[in-house]
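Below is one structure, written out as structure tokens; the observations come after it.
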Amino acid sequence: MNDVNIEDNELDQHEVAAQQEQEQQQVIAAATKQRHLKIDSVLEKKEKFPLRNRNKIDVLIKEFLEKLGDDIHDMLCGDNIDEIYRGLDSDRDTEEEVETAIRFFPEVLSRRKDVYAGILHYPIQELAITLDEDDGCWRCNLKAVSFIPIVARLAIEFGLFEEVERGGLLSIDDQSYNVLHHLMFSNPIERDNREQHHEAIDDKYFQV
């Protein structure tokens, strides 16, 4: 009987905790919405502010756009596949969301990043592979590889690469590899579940 009461109490505590967390999230969401509405209102009436405030608004807008563009670039190049992975994830992010972000900041697709020891990659190249820091080998970026087609399409649409580079798909990196090379050679791996691992990779590659 005591065991039943203990279990009931634990369930009640979990329910209370879950309800409190939900309420907290609702409060945060409401506060966030209010900030967004306030920003919209400030921008709408910017010209009615004193000169000093107008100048400050311009500075903050410029800083905001620069930081957001940098964050989008970091997201596209986020290839550290571990518990703190901050890159694109096809289990969480949608193509529509990614396209929306890129359309606001298309220039990030032609900005390269120093990914390892002076090796420079475009975002589309980072979507294909990730560096395993334990053994220094390049692996398939299973979380992000399926976004390659939409990134290539948008890069072509915005004319960010030469025509022969096909939106960055055929752009050569410092090691004379392009995205297609990376897709072919990014899995030198020995695992107990090797067959299952290869099936997962093949499934992602077929999406490309």
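Just remember, in the structure tokens the first chain shown is A, the second B, etc., residues are 1-based per chain, and ligands are 1-based in the order shown.
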
Residues within 10 Å of Ile57 (chain A), only C-alpha atoms, excluding chain neighbours under 6 positions, as a PyMOL selection string: chain A and resi 42-43+46+49+51+63

Next, write the just-selected residues to a file, as a PDB file, in the first residue's frame, keeping N, CA and C atoms as the atom set.
ATOM      1  N   VAL A  42       8.560  50.237 -32.911  1.00  0.00           N
ATOM      2  CA  VAL A  42       9.679  51.191 -32.913  1.00  0.00           C
ATOM      3  C   VAL A  42      10.143  51.475 -34.335  1.00  0.00           C
ATOM      4  N   LEU A  43      10.299  50.419 -35.136  1.00  0.00           N
ATOM      5  CA  LEU A  43      10.756  50.605 -36.510  1.00  0.00           C
ATOM      6  C   LEU A  43       9.733  51.374 -37.338  1.00  0.00           C
ATOM      7  N   LYS A  46      10.105  55.027 -36.296  1.00  0.00           N
ATOM      8  CA  LYS A  46      11.492  55.443 -36.089  1.00  0.00           C
ATOM      9  C   LYS A  46      11.711  56.925 -36.373  1.00  0.00           C
ATOM     10  N   PHE A  49      11.368  59.554 -33.638  1.00  0.00           N
ATOM     11  CA  PHE A  49      12.287  59.591 -32.499  1.00  0.00           C
ATOM     12  C   PHE A  49      13.274  60.747 -32.671  1.00  0.00           C
ATOM     13  N   LEU A  51      16.957  62.559 -33.048  1.00  0.00           N
ATOM     14  CA  LEU A  51      18.061  62.171 -33.929  1.00  0.00           C
ATOM     15  C   LEU A  51      18.983  61.150 -33.279  1.00  0.00           C
ATOM     16  N   GLU A  63      24.009  45.993 -36.606  1.00  0.00           N
ATOM     17  CA  GLU A  63      24.636  44.964 -35.777  1.00  0.00           C
ATOM     18  C   GLU A  63      23.799  43.687 -35.762  1.00  0.00           C
TER      19      GLU A  63
END

Gly78 (chain A) surroundings by only C-alpha atoms, 10 Å radius, close-in-sequence under 6 positions cut, as a ChimeraX atom specification: /A:71-72,85-89,115,123,126-127,130,141,144

Take the residues from that selection and put them in a file with C-alpha atoms, as a PDB file, in the first residue's frame.
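Result written to out-v3.pdb:
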ATOM      1  CA  ASP A  71      24.838  32.895 -37.191  1.00  0.00           C
ATOM      2  CA  ILE A  72      23.233  31.527 -40.361  1.00  0.00           C
ATOM      3  CA  TYR A  85      26.075  20.232 -32.345  1.00  0.00           C
ATOM      4  CA  ARG A  86      24.637  23.545 -33.533  1.00  0.00           C
ATOM      5  CA  GLY A  87      24.394  22.931 -37.271  1.00  0.00           C
ATOM      6  CA  LEU A  88      21.471  22.002 -39.474  1.00  0.00           C
ATOM      7  CA  ASP A  89      19.582  18.881 -38.486  1.00  0.00           C
ATOM      8  CA  VAL A 115      37.430  24.283 -40.934  1.00  0.00           C
ATOM      9  CA  PRO A 123      28.873  25.914 -46.493  1.00  0.00           C
ATOM     10  CA  GLU A 126      30.403  21.415 -44.870  1.00  0.00           C
ATOM     11  CA  LEU A 127      26.885  20.040 -45.319  1.00  0.00           C
ATOM     12  CA  THR A 130      32.121  16.440 -40.778  1.00  0.00           C
ATOM     13  CA  ASN A 141      27.289  14.654 -42.067  1.00  0.00           C
ATOM     14  CA  ALA A 144      22.799  18.027 -42.812  1.00  0.00           C
TER      15      ALA A 144
END

Give me the region 82-163 of chain A side of the contact with region 176-181 of chain A, cut-off 8 Å, one line per residue showing its nearest atom pair and distance in Å at one decimal, counting only C-alpha atoms, sorted by chain and residue number, as a tab-separated table.
residue	atom	partner	partner_atom	distance
A:Ile124	CA	A:Val179	CA	7.4
A:Gln125	CA	A:Val179	CA	5.4
A:Ala128	CA	A:Val179	CA	6.6

For C-alpha atoms, I'd like the residues from the last selection saved as a compact mmCIF listing (two decimals), in the first residue's frame.
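Here's the written file out29.txt:
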# COMPACT_ATOMS: atom_id res chain seq x y z
CA ILE A 124 27.70 23.43 -49.13
CA GLN A 125 30.91 21.46 -48.63
CA ALA A 128 28.39 16.94 -46.91

Glu95 (chain A) environment, 10 Å, only C-alpha atoms, sequence neighbours closer than 2 positions dropped, as JSON, numbers by chain: {"A": [90, 93, 97, 98, 99, 100, 101, 146, 147, 149, 150, 151]}
